[in-house]
Structures are given as structure tokens and as C-alpha cells.
$ cat run.txt   # compact mmCIF, C-alpha atoms
# COMPACT_ATOMS: atom_id res chain seq x y z
CA MET A 221 -89.47 5.88 -116.49
CA HIS A 222 -89.29 9.52 -115.41
CA ASP A 223 -86.25 10.67 -117.38
CA ILE A 224 -84.88 13.38 -119.65
CA PRO A 225 -84.69 12.01 -123.20
CA HIS A 226 -81.68 12.61 -125.42
CA GLY A 227 -81.89 15.89 -127.29
CA TYR A 228 -84.20 17.52 -124.75
CA SER A 229 -83.92 19.08 -121.31
CA LEU A 230 -87.46 18.52 -120.00
CA PHE A 231 -88.88 15.36 -118.48
CA ARG A 232 -90.25 12.81 -120.92
CA ASP A 233 -93.43 12.64 -118.81
CA ASP A 234 -94.06 16.37 -119.24
CA LEU A 235 -93.36 16.31 -122.98
CA GLU A 236 -95.69 13.34 -123.44
CA HIS A 237 -98.34 15.07 -121.30
CA VAL A 238 -98.33 18.07 -123.65
CA CYS A 239 -98.30 15.82 -126.70
CA ARG A 240 -101.23 13.76 -125.41
CA GLU A 241 -103.37 16.69 -124.22
CA LEU A 242 -102.97 18.52 -127.54
CA ALA A 243 -103.84 15.51 -129.71
CA PRO A 244 -106.80 17.35 -131.35
CA VAL A 245 -104.58 20.33 -132.22
CA TRP A 246 -101.55 18.74 -133.86
CA SER A 247 -103.32 17.93 -137.13
CA GLU A 248 -104.07 21.65 -137.51
CA LEU A 249 -100.34 22.40 -137.25
CA ARG A 250 -99.19 19.83 -139.81
CA GLY A 251 -96.68 21.51 -142.13
CA ALA A 252 -96.90 24.77 -140.16
CA HIS A 253 -94.11 27.30 -139.74
CA LEU A 254 -94.16 28.78 -136.21
CA PHE A 255 -92.29 31.99 -135.42
CA LEU A 256 -91.54 32.57 -131.74
CA THR A 257 -90.44 35.77 -130.00
CA GLY A 258 -89.22 35.55 -126.42
CA ALA A 259 -87.84 32.20 -127.49
CA THR A 260 -85.08 31.92 -124.92
CA GLY A 261 -87.23 32.61 -121.84
CA PHE A 262 -89.32 30.37 -119.63
CA PHE A 263 -92.31 30.25 -121.99
CA GLY A 264 -90.09 30.01 -125.05
CA ILE A 265 -88.03 26.97 -124.05
CA TRP A 266 -91.13 25.05 -122.99
CA LEU A 267 -92.89 25.87 -126.25
CA ILE A 268 -89.88 24.96 -128.40
CA GLU A 269 -89.20 21.61 -126.76
CA SER A 270 -92.89 20.65 -126.60
CA VAL A 271 -93.52 21.46 -130.24
CA LEU A 272 -90.36 19.68 -131.40
CA TRP A 273 -91.31 16.59 -129.39
CA ALA A 274 -94.79 16.52 -130.94
CA ASN A 275 -93.30 17.15 -134.36
CA ASP A 276 -91.17 14.02 -134.05
CA ALA A 277 -93.94 11.95 -132.44
CA HIS A 278 -96.61 12.80 -135.02
CA ARG A 279 -94.37 13.47 -138.04
CA LEU A 280 -95.94 16.88 -138.45
CA GLY A 281 -93.33 18.30 -140.79
CA LEU A 282 -93.44 21.66 -139.05
CA THR A 283 -90.71 24.24 -138.56
CA VAL A 284 -90.02 26.48 -135.56
CA THR A 285 -88.11 29.73 -136.09
CA ALA A 286 -86.97 31.33 -132.83
CA LEU A 287 -85.98 34.98 -132.45
CA SER A 288 -83.02 35.67 -130.16
CA ARG A 289 -80.64 38.57 -129.64
CA ALA A 290 -77.78 36.08 -129.20
CA PRO A 291 -78.69 32.62 -130.49
CA GLU A 292 -75.15 31.26 -130.30
CA HIS A 293 -74.82 32.26 -126.66
CA PHE A 294 -78.22 30.70 -125.92
CA LEU A 295 -77.25 27.45 -127.64
CA ASP A 296 -73.83 27.31 -125.99
CA ALA A 297 -74.88 28.30 -122.48
CA ARG A 298 -78.43 27.01 -122.05
CA ALA A 299 -79.51 24.76 -124.88
CA PRO A 300 -76.68 22.90 -126.61
CA HIS A 301 -79.07 19.97 -127.03
CA LEU A 302 -81.16 22.04 -129.45
CA ARG A 303 -78.32 23.05 -131.76
CA ASP A 304 -78.72 20.39 -134.43
CA HIS A 305 -82.46 19.81 -134.45
CA ASP A 306 -83.64 19.79 -138.06
CA ALA A 307 -86.95 21.53 -137.34
CA LEU A 308 -85.50 24.46 -135.36
CA ARG A 309 -84.06 27.62 -136.86
CA PHE A 310 -82.96 30.91 -135.34
CA VAL A 311 -83.19 34.54 -136.39
CA GLU A 312 -80.75 36.85 -134.66
CA GLY A 313 -82.09 40.24 -133.72
CA ASP A 314 -84.28 42.40 -131.54
CA VAL A 315 -88.07 42.11 -131.66
CA THR A 316 -88.37 45.75 -132.70
CA GLY A 317 -86.39 45.34 -135.92
CA PHE A 318 -85.58 41.71 -136.74
CA GLU A 319 -85.11 40.44 -140.28
CA MET A 320 -88.16 38.46 -141.32
CA PRO A 321 -87.66 34.84 -142.39
CA ALA A 322 -87.82 34.22 -146.12
CA GLN A 323 -90.20 31.28 -145.62
CA PRO A 324 -93.67 32.58 -144.72
CA CYS A 325 -94.71 31.93 -141.11
CA THR A 326 -98.18 30.43 -140.70
CA HIS A 327 -98.40 31.09 -136.94
CA ILE A 328 -96.68 33.69 -134.73
CA LEU A 329 -96.29 33.27 -130.96
CA HIS A 330 -95.38 36.70 -129.59
CA ALA A 331 -93.95 36.16 -126.09
CA ALA A 332 -91.21 38.80 -125.94
CA SER A 333 -91.00 41.12 -122.93
CA GLU A 334 -88.47 43.19 -121.00
CA SER A 335 -87.51 41.96 -117.53
CA ASN A 336 -86.84 44.39 -114.70
CA VAL A 337 -84.60 42.17 -112.59
CA ASP A 338 -81.85 44.76 -112.25
CA GLN A 339 -84.32 47.59 -111.44
CA ARG A 340 -82.82 49.93 -114.02
CA ALA A 341 -84.26 53.43 -114.27
CA ASP A 342 -84.91 53.05 -118.02
CA TRP A 343 -87.03 49.90 -117.70
CA ALA A 344 -90.36 51.65 -118.36
CA GLU A 345 -89.05 53.19 -121.58
CA ARG A 346 -87.56 49.85 -122.69
CA GLN A 347 -90.82 48.03 -121.92
CA LEU A 348 -92.83 50.56 -123.91
CA ARG A 349 -90.45 50.36 -126.89
CA THR A 350 -90.35 46.56 -126.87
CA SER A 351 -94.12 46.29 -126.49
CA ILE A 352 -95.24 48.87 -129.03
CA ASP A 353 -92.49 48.71 -131.66
CA GLY A 354 -92.05 44.96 -131.27
CA THR A 355 -95.76 44.27 -131.70
CA ARG A 356 -95.84 46.59 -134.71
CA ARG A 357 -93.01 44.59 -136.28
CA VAL A 358 -94.72 41.26 -135.56
CA ILE A 359 -97.98 42.53 -137.10
CA GLU A 360 -96.05 43.75 -140.15
CA MET A 361 -94.65 40.24 -140.60
CA ALA A 362 -98.09 38.63 -140.17
CA VAL A 363 -99.49 40.86 -142.91
CA ARG A 364 -96.56 40.27 -145.23
CA HIS A 365 -96.60 36.51 -144.68
CA GLN A 366 -100.40 36.23 -144.66
CA SER A 367 -100.09 34.36 -141.38
CA LYS A 368 -103.10 32.49 -140.00
CA SER A 369 -102.78 33.85 -136.48
CA ILE A 370 -100.77 35.73 -133.88
CA LEU A 371 -100.85 34.36 -130.35
CA LEU A 372 -100.01 37.21 -127.98
CA THR A 373 -98.95 36.22 -124.47
CA SER A 374 -100.37 39.14 -122.53
CA SER A 375 -100.54 39.28 -118.73
CA GLY A 376 -102.89 39.28 -115.77
CA SER A 377 -101.23 42.60 -114.99
CA VAL A 378 -103.61 44.27 -117.43
CA TYR A 379 -106.11 44.14 -114.56
CA LEU A 380 -105.90 46.82 -111.90
CA PRO A 381 -106.34 45.98 -108.18
CA SER A 382 -109.93 47.25 -108.27
CA GLU A 383 -110.92 44.76 -110.95
CA GLY A 384 -111.57 41.57 -109.00
CA SER A 385 -114.95 41.44 -110.67
CA ASP A 386 -115.58 37.77 -109.93
CA GLY A 387 -115.15 37.78 -106.17
CA THR A 388 -111.39 37.73 -105.66
CA ARG A 389 -110.68 36.55 -109.19
CA TYR A 390 -110.09 38.73 -112.23
CA ALA A 391 -112.55 38.22 -115.06
CA GLU A 392 -111.93 39.45 -118.59
CA GLY A 393 -113.58 42.85 -119.07
CA PRO A 394 -113.01 46.61 -119.42
CA ASN A 395 -111.04 48.59 -116.88
CA GLY A 396 -109.72 52.11 -116.22
CA LEU A 397 -106.21 53.47 -115.86
CA ALA A 398 -104.44 54.66 -112.72
CA ASP A 399 -100.98 54.97 -111.22
CA TYR A 400 -99.26 55.26 -114.58
CA ALA A 401 -95.68 55.06 -113.33
CA SER A 402 -95.83 51.83 -111.30
CA GLU A 403 -94.09 48.78 -112.72
CA ARG A 404 -97.29 46.74 -112.71
CA THR A 405 -99.27 49.42 -114.52
CA VAL A 406 -96.59 50.14 -117.12
CA TYR A 407 -96.17 46.42 -117.77
CA GLY A 408 -99.88 45.70 -117.75
CA GLN A 409 -101.01 48.63 -119.85
CA THR A 410 -98.32 48.13 -122.49
CA LYS A 411 -99.60 44.55 -122.70
CA ARG A 412 -103.12 45.93 -123.10
CA MET A 413 -101.92 48.21 -125.89
CA MET A 414 -100.32 45.20 -127.58
CA GLU A 415 -103.70 43.45 -127.39
CA ILE A 416 -105.43 46.45 -128.99
CA MET A 417 -102.82 46.77 -131.73
CA THR A 418 -102.99 43.07 -132.58
CA ALA A 419 -106.81 42.94 -132.57
CA ALA A 420 -107.12 46.08 -134.70
CA ALA A 421 -104.61 44.78 -137.24
CA ALA A 422 -106.35 41.39 -137.35
CA GLN A 423 -109.65 43.06 -138.12
CA GLN A 424 -108.05 45.06 -140.92
CA HIS A 425 -105.86 42.36 -142.48
CA GLY A 426 -107.80 39.17 -141.86
CA PHE A 427 -105.56 37.08 -139.60
CA HIS A 428 -106.72 35.80 -136.21
CA ALA A 429 -105.68 37.67 -133.05
CA ARG A 430 -105.42 35.18 -130.18
CA ILE A 431 -104.74 36.67 -126.74
CA ALA A 432 -103.57 34.79 -123.65
CA ARG A 433 -103.53 36.80 -120.41
CA CYS A 434 -100.94 34.92 -118.39
CA PHE A 435 -100.82 34.90 -114.58
CA ALA A 436 -98.37 32.83 -112.47
CA PHE A 437 -96.55 29.61 -113.34
CA VAL A 438 -94.11 27.04 -112.03
CA GLY A 439 -91.89 24.46 -113.67
CA PRO A 440 -88.41 23.79 -115.05
CA TYR A 441 -86.67 26.90 -116.41
CA LEU A 442 -88.65 29.30 -114.22
CA PRO A 443 -85.98 31.81 -113.10
CA LEU A 444 -85.13 31.22 -109.45
CA GLU A 445 -83.36 34.53 -108.89
CA HIS A 446 -86.03 36.82 -110.32
CA ASN A 447 -88.90 38.36 -108.39
CA TYR A 448 -91.06 35.23 -108.45
CA ALA A 449 -92.06 34.04 -104.99
CA ILE A 450 -92.32 30.37 -105.90
CA GLY A 451 -89.00 30.47 -107.75
CA ASN A 452 -87.27 32.05 -104.74
CA PHE A 453 -88.80 29.45 -102.40
CA ILE A 454 -87.66 26.58 -104.64
CA ARG A 455 -84.17 28.08 -104.85
CA ASP A 456 -83.87 28.26 -101.08
CA ALA A 457 -85.25 24.75 -100.65
CA LEU A 458 -82.78 23.34 -103.16
CA HIS A 459 -79.89 24.81 -101.21
CA GLY A 460 -81.18 23.82 -97.79
CA ARG A 461 -81.71 27.41 -96.71
CA THR A 462 -84.50 28.90 -94.63
CA ILE A 463 -87.41 29.97 -96.83
CA VAL A 464 -88.14 33.58 -95.94
CA VAL A 465 -91.48 35.25 -96.68
CA GLY A 466 -90.77 38.96 -96.66
CA GLY A 467 -94.35 40.11 -96.03
CA ASP A 468 -97.18 38.68 -93.97
CA GLY A 469 -97.75 35.74 -96.32
CA ALA A 470 -101.45 36.57 -96.76
CA PRO A 471 -101.66 37.48 -100.50
CA LEU A 472 -103.37 34.85 -102.64
CA ARG A 473 -101.92 33.40 -105.82
CA SER A 474 -102.54 30.43 -108.11
CA TYR A 475 -100.01 28.57 -110.26
CA LEU A 476 -100.23 26.61 -113.50
CA TYR A 477 -97.55 24.02 -114.30
CA ALA A 478 -95.55 24.77 -117.44
CA ALA A 479 -96.63 21.61 -119.26
CA ASP A 480 -100.26 22.67 -118.85
CA LEU A 481 -99.28 26.20 -119.88
CA VAL A 482 -98.04 24.91 -123.24
CA VAL A 483 -101.28 22.98 -123.74
CA TRP A 484 -103.36 26.07 -123.02
CA LEU A 485 -101.30 28.43 -125.19
CA LEU A 486 -101.32 26.18 -128.24
CA THR A 487 -105.04 25.49 -127.80
CA ILE A 488 -105.72 29.24 -127.69
CA MET A 489 -103.47 29.74 -130.72
CA SER A 490 -105.40 27.13 -132.70
CA ARG A 491 -108.98 27.49 -131.46
CA GLY A 492 -109.48 30.68 -129.49
CA ARG A 493 -111.90 33.35 -130.67
CA SER A 494 -110.11 36.11 -132.53
CA GLY A 495 -109.83 39.24 -130.40
CA ALA A 496 -111.16 37.57 -127.25
CA PRO A 497 -108.69 37.49 -124.33
CA TYR A 498 -108.37 34.27 -122.34
CA ASN A 499 -107.00 34.13 -118.80
CA VAL A 500 -104.26 31.51 -118.34
CA GLY A 501 -103.35 30.37 -114.84
CA GLY A 502 -103.99 27.96 -112.00
CA ASN A 503 -107.33 27.28 -110.36
CA GLU A 504 -106.17 26.57 -106.79
CA ALA A 505 -105.83 29.68 -104.64
CA VAL A 506 -102.98 29.49 -102.14
CA SER A 507 -101.55 32.09 -99.78
CA ILE A 508 -97.87 32.97 -100.05
CA ARG A 509 -97.37 31.59 -96.55
CA GLU A 510 -98.97 28.25 -97.48
CA LEU A 511 -97.02 28.20 -100.74
CA ALA A 512 -93.73 28.48 -98.84
CA GLN A 513 -94.81 25.70 -96.50
CA ARG A 514 -95.76 23.42 -99.38
CA VAL A 515 -92.42 23.98 -101.10
CA ALA A 516 -90.62 23.18 -97.85
CA LYS A 517 -92.69 20.02 -97.37
CA ALA A 518 -92.03 18.88 -100.92
CA ALA A 519 -88.31 19.32 -100.33
CA GLY A 520 -88.41 17.29 -97.12
CA ALA A 521 -87.45 20.32 -95.04
CA PRO A 522 -88.37 20.56 -91.33
CA ALA A 523 -91.44 22.47 -90.16
CA ASP A 524 -89.37 25.44 -89.01
CA ALA A 525 -87.76 25.89 -92.45
CA VAL A 526 -90.22 28.70 -93.27
CA VAL A 527 -89.99 32.14 -91.63
CA VAL A 528 -92.72 34.73 -92.20
CA LYS A 529 -91.47 38.19 -91.30
CA GLY A 530 -94.74 40.11 -91.34
CA THR A 531 -97.95 39.81 -89.35
CA PRO A 532 -101.36 39.84 -91.10
CA VAL A 533 -103.64 42.75 -90.25
CA PRO A 534 -106.64 41.34 -88.34
CA GLY A 535 -109.80 41.41 -90.43
CA ALA A 536 -108.04 42.71 -93.56
CA ALA A 537 -108.89 40.97 -96.83
CA PRO A 538 -105.75 39.58 -98.49
CA SER A 539 -104.73 40.94 -101.85
CA ALA A 540 -105.31 38.44 -104.64
CA TYR A 541 -103.82 37.86 -108.10
CA LEU A 542 -106.14 35.10 -109.30
CA PRO A 543 -107.64 34.52 -112.75
CA SER A 544 -111.22 33.61 -113.48
CA LEU A 545 -110.99 30.59 -115.78
CA ALA A 546 -114.67 30.42 -116.69
CA ARG A 547 -114.21 31.58 -120.29
CA VAL A 548 -111.18 29.49 -121.24
CA GLU A 549 -112.60 26.34 -119.65
CA ALA A 550 -116.07 26.75 -121.17
CA GLU A 551 -115.00 27.76 -124.68
CA LEU A 552 -111.82 25.71 -125.14
CA GLY A 553 -112.25 22.85 -122.68
CA VAL A 554 -108.77 23.13 -121.17
CA ARG A 555 -108.06 22.15 -117.57
CA ALA A 556 -105.26 22.30 -115.05
CA ALA A 557 -104.31 18.62 -115.19
CA ILE A 558 -101.26 18.77 -112.91
CA PRO A 559 -101.99 19.83 -109.29
CA LEU A 560 -99.81 22.38 -107.54
CA ASP A 561 -98.08 19.90 -105.22
CA ASP A 562 -97.14 17.68 -108.15
CA ALA A 563 -95.92 20.75 -110.04
CA ILE A 564 -93.64 21.68 -107.15
CA HIS A 565 -92.33 18.09 -106.88
CA ARG A 566 -91.62 17.92 -110.61
CA THR A 567 -89.77 21.24 -110.56
CA LEU A 568 -87.60 20.19 -107.62
CA ALA A 569 -86.94 16.80 -109.21
CA TRP A 570 -85.91 18.46 -112.48
CA HIS A 571 -83.24 20.49 -110.73
CA VAL A 572 -81.97 17.36 -108.99
CA ALA A 573 -81.96 15.44 -112.28
CA ARG A 574 -79.94 18.22 -113.89
CA GLY A 575 -77.22 17.67 -111.31
CA GLU A 576 -77.58 21.11 -109.80
CA ARG A 577 -77.05 19.76 -106.28
CA SER A 578 -74.35 17.73 -104.63
CA MET A 579 -74.92 13.98 -104.23
CA THR A 580 -75.29 14.42 -100.47
CA GLU A 581 -77.90 17.12 -100.90
CA ALA A 582 -79.68 15.14 -103.62
CA GLN A 583 -80.18 12.22 -101.24
CA ALA A 584 -82.44 14.42 -99.15
CA PHE A 585 -84.66 14.82 -102.19
CA ALA A 586 -85.09 11.11 -102.87
CA PRO A 587 -88.77 11.22 -101.77
CA CYS A 588 -89.33 14.19 -104.09
CA VAL A 589 -87.84 12.36 -107.07
CA ARG A 590 -89.81 9.20 -106.30
CA ARG A 591 -93.00 11.29 -106.06
CA ALA A 592 -92.30 12.89 -109.45
CA ARG A 593 -91.72 9.47 -111.02
CA ALA A 594 -94.97 8.18 -109.59
CA ASN A 595 -96.99 11.11 -110.97
CA PRO A 596 -96.23 11.43 -114.69
$ encode --input "run.txt" --output "C-alpha cells"
Amino acid sequence: MHDIPHGYSLFRDDLEHVCRELAPVWSELRGAHLFLTGATGFFGIWLIESVLWANDAHRLGLTVTALSRAPEHFLDARAPHLRDHDALRFVEGDVTGFEMPAQPCTHILHAASESNVDQRADWAERQLRTSIDGTRRVIEMAVRHQSKSILLTSSGSVYLPSEGSDGTRYAEGPNGLADYASERTVYGQTKRMMEIMTAAAAQQHGFHARIARCFAFVGPYLPLEHNYAIGNFIRDALHGRTIVVGGDGAPLRSYLYAADLVVWLLTIMSRGRSGAPYNVGGNEAVSIRELAQRVAKAAGAPADAVVVKGTPVPGAAPSAYLPSLARVEAELGVRAAIPLDDAIHRTLAWHVARGERSMTEAQAFAPCVRRARANP
């Protein structure tokens, strides 16, 4: 049965997928105390619910402490189902100066970042402060608590456009600096500095520095109003609107489903080489145009539901934001188990299951929901 179990907001199938795929890892986390920054975002909610589910399933006796600027608002507005879970605690504060838990944390998952949705002029300064001062605070806690590891969720944005060293895919390696003021460079290079800070501190103090360079993802809780193409397409499909591709639709992307994302992150946290970055993302390259068409198809929309405003330049190579997965697959044995089309179906079905559409509109998504139930 493809349902949402009591006390959770994700599909049972997805939670069980994570639990099953990480079977070799859970014993290493028995009795652990995980501290999570960025806990109320897309990554954070998936990590919290997945770990809590595994904790109950395997009787791990672990604790998750989540950092949030406003935990009561988060619990009231987004996650009332998590309020009374025995294994979940909250620390109120900012990542740059939070009060450390009294109970030592064995593992730290550092996923905090500053969004730039509102395009404020001070975003670059806020991103720098959050990245540098926040990482310094997290390292300070790891040293004080003698933590086993810090998992840093870095970004594929650390790579510059000239660094498609494996054909059109970015492979982990050195790069130079350019265009300092652009959003991508500020975001990417602050992430790179966080990697350097964490690795240097790990070498000095003896904990493990695990680094996940994260690319593009899809799944429940992905913001639909932010500047994520797939989120915008899903939003428009859910509301029966035309899916508009602002450019020529030629750029290439790949997407990893959130349940697989959790599997990869926790595997890196437990078994990755200290100081070695691992790319995290999908393996199927898809153009933005094709992505819009596949979202429309999954939603049962007509063929003309997608409008591409731009025209590709003849003979021009499309830009690509694609990870090379050779290292993470070879060293850690992870795989993208849930194909892109299934990921899109599951995400659409989750929104329908949450009652975020009228009954009349939901009827149009019956094939989508049936498809999600048939592909746990």
C-alpha cells in the first residue's frame, strides 16, 4: 500500500526504500547522536524522517538534534507530526552562534545554507557569513564533542563552467576562480571554503571530514516556488497551467530522487574517505525542454501543455550541470535506484496525497497515483 504512515509526511515506500538500501549502515549508527543544521529545508526533512523511521524499525536507540531559527514555527506550520517524537530534539538558534547540546554529538550533518529567493542585495554577505562562521561553529562543536565525523553538504556549484573535465560531466578535481560576484561563484566558492575548513580541522583534530557535492534533486518538500526548474514545472502541472520554459530548453541536467539522496548522504557520512569530495546527483542527462515534457506527461497534460520561449542556437553545445559519479559509485557502491520518471510520478502523487489539489483536479492525476503505487 502506497501511503503516508502516521507520524510521518513521506510515503511509506520511500521511507522503506531508504531503510532497506542503508541496511549495512544502520548498525554503525546504533546509539548515535546526530546533529543536523539546515534541518527545516528539503534535505533536512528527508534526513530527519528517514533516520527516525530507521530508528524505529531497527531499534537503533539514536537521537537526532535539529538546529532551527524557529523550531516552534516549523513544528506548527510544516511538521506538527514530528512534535512528540521521542528521538527528535531541537536547538533554537542560528548556525553561526547556536548553543551546543549538552549531550555530545557523534555525527554532524552540516546542511545549512542561505537561499536567495527574494534576490536581496545583501545575499552574498549573508552567504559568506553563514558559510564561514557557521562552519567554524560546527567544527568547534565537533572538536569539543569529539565527534566521529562531519558530513558537509557542499554543491556542484564549486565547479566553474570550464570544468567539465569528463566530457560534459564535472569530475572532482582542482579548479580556478573567476567572476567573483556572480551568485553561482559566491555560493560555490563559499562551499569550497567550507570544504577546506572542514578538511583542515579534521586533519588537526582527528575527526572524519566527509564531503558531498550535491547537484540537482526532486521529491516531496522540494520548494516549488524557488528557482528550481523541475519544481516550477511540477507546480504548474499540479495547477493545470501551461509549463513555460523561459530559455531555449537546451541546457542539460540530471536529477536524483530524495530517497536516494538520503541513502547516498548517510553512506558518505558513514563510509566516505575523509577529505575526499563525492559528487551526489542523477545519472540520466535530460534537457530542460525534455524535462518539462516529461513532467507534463506524468501529470496527464496534453502535448501542447509545454511552451518553450527560446530557440536553440544551431550547432551550439548546450550548457551542462551534470556530475561524474565514477568515484562515489566505485568507492561506495551507491546507485540511483529510482529512475527520473518514477521520481516525478512520486512527487506529483505526494502532493495529491497531501490534499493540495481539489478533488476534481486530483481525478486527473489518478494515473499518476496508480503509477506511484505500482513502483514502490
$ atom_distance --input "run.txt" --atom1 "atom CA of A:Arg514" --atom2 "atom CA of A:Asp561"
7.2 Å
$ residues_around --input "run.txt" --residues "A:His305" --least-positions-apart "5" --cutoff "12 Å" --atoms "only C-alpha atoms" --output "list of chain:residue names"
A:His226, A:Gly227, A:Tyr228, A:Ile268, A:Glu269, A:Val271, A:Leu272, A:Trp273, A:Asn275, A:Asp276, A:Thr283, A:Val284, A:Thr285, A:Leu295, A:Ala299, A:Pro300, A:Phe310
$ closest_residue --input "run.txt" --among "A:Gly460, A:Pro497, A:Pro321, A:Gly467" --to "A:Pro532" --atoms "all atoms listed in the file"
A:Gly467
$ closest_residue --input "run.txt" --among "A:Met320, A:Leu348, A:Val315, A:Ala518" --to "A:Ala332" --atoms "all atoms listed in the file"
A:Val315
$ closest_residue --input "run.txt" --among "A:Val482, A:Leu458, A:Ala496, A:Leu552" --to "A:Leu568" --atoms "all atoms listed in the file"
A:Leu458
$ decode --input "run.txt" --residues "stretch 509-562 of chain A" --atoms "C-alpha atoms" --output "compact mmCIF listing (two decimals), in the first residue's frame"
# COMPACT_ATOMS: atom_id res chain seq x y z
CA ARG A 509 12.85 21.02 -22.66
CA GLU A 510 12.57 17.24 -22.29
CA LEU A 511 12.24 17.61 -18.53
CA ALA A 512 9.22 19.90 -18.96
CA GLN A 513 7.67 17.44 -21.40
CA ARG A 514 8.18 14.52 -19.04
CA VAL A 515 6.59 16.40 -16.15
CA ALA A 516 3.62 17.25 -18.37
CA LYS A 517 3.28 13.63 -19.47
CA ALA A 518 3.44 12.37 -15.91
CA ALA A 519 0.65 14.77 -14.98
CA GLY A 520 -1.53 13.60 -17.86
CA ALA A 521 -1.35 17.02 -19.53
CA PRO A 522 -1.86 17.42 -23.30
CA ALA A 523 1.08 17.63 -25.70
CA ASP A 524 0.73 21.40 -26.06
CA ALA A 525 0.99 21.98 -22.30
CA VAL A 526 4.68 22.91 -22.67
CA VAL A 527 5.80 26.20 -24.24
CA VAL A 528 9.49 26.85 -24.94
CA LYS A 529 10.11 30.56 -25.43
CA GLY A 530 13.65 30.46 -26.80
CA THR A 531 15.19 28.91 -29.89
CA PRO A 532 18.42 26.85 -29.66
CA VAL A 533 21.43 28.26 -31.49
CA PRO A 534 22.24 25.87 -34.37
CA GLY A 535 25.42 23.92 -33.72
CA ALA A 536 25.92 25.34 -30.22
CA ALA A 537 26.78 22.85 -27.48
CA PRO A 538 24.25 23.02 -24.64
CA SER A 539 25.43 24.07 -21.22
CA ALA A 540 25.51 21.17 -18.77
CA TYR A 541 25.31 20.83 -14.99
CA LEU A 542 26.00 17.10 -14.68
CA PRO A 543 28.05 15.21 -12.10
CA SER A 544 30.52 12.47 -12.82
CA LEU A 545 29.52 9.64 -10.48
CA ALA A 546 32.54 7.42 -11.11
CA ARG A 547 34.12 7.99 -7.69
CA VAL A 548 31.03 7.63 -5.50
CA GLU A 549 29.81 4.55 -7.37
CA ALA A 550 33.20 2.82 -7.39
CA GLU A 551 34.21 3.58 -3.80
CA LEU A 552 30.85 3.43 -2.01
CA GLY A 553 28.73 1.27 -4.29
CA VAL A 554 25.70 3.57 -4.29
CA ARG A 555 23.34 3.78 -7.25
CA ALA A 556 20.40 5.81 -8.45
CA ALA A 557 17.72 3.20 -7.76
CA ILE A 558 14.67 5.32 -8.63
CA PRO A 559 14.50 6.48 -12.29
CA LEU A 560 13.61 10.06 -13.13
CA ASP A 561 10.12 9.31 -14.45
CA ASP A 562 9.25 7.41 -11.28
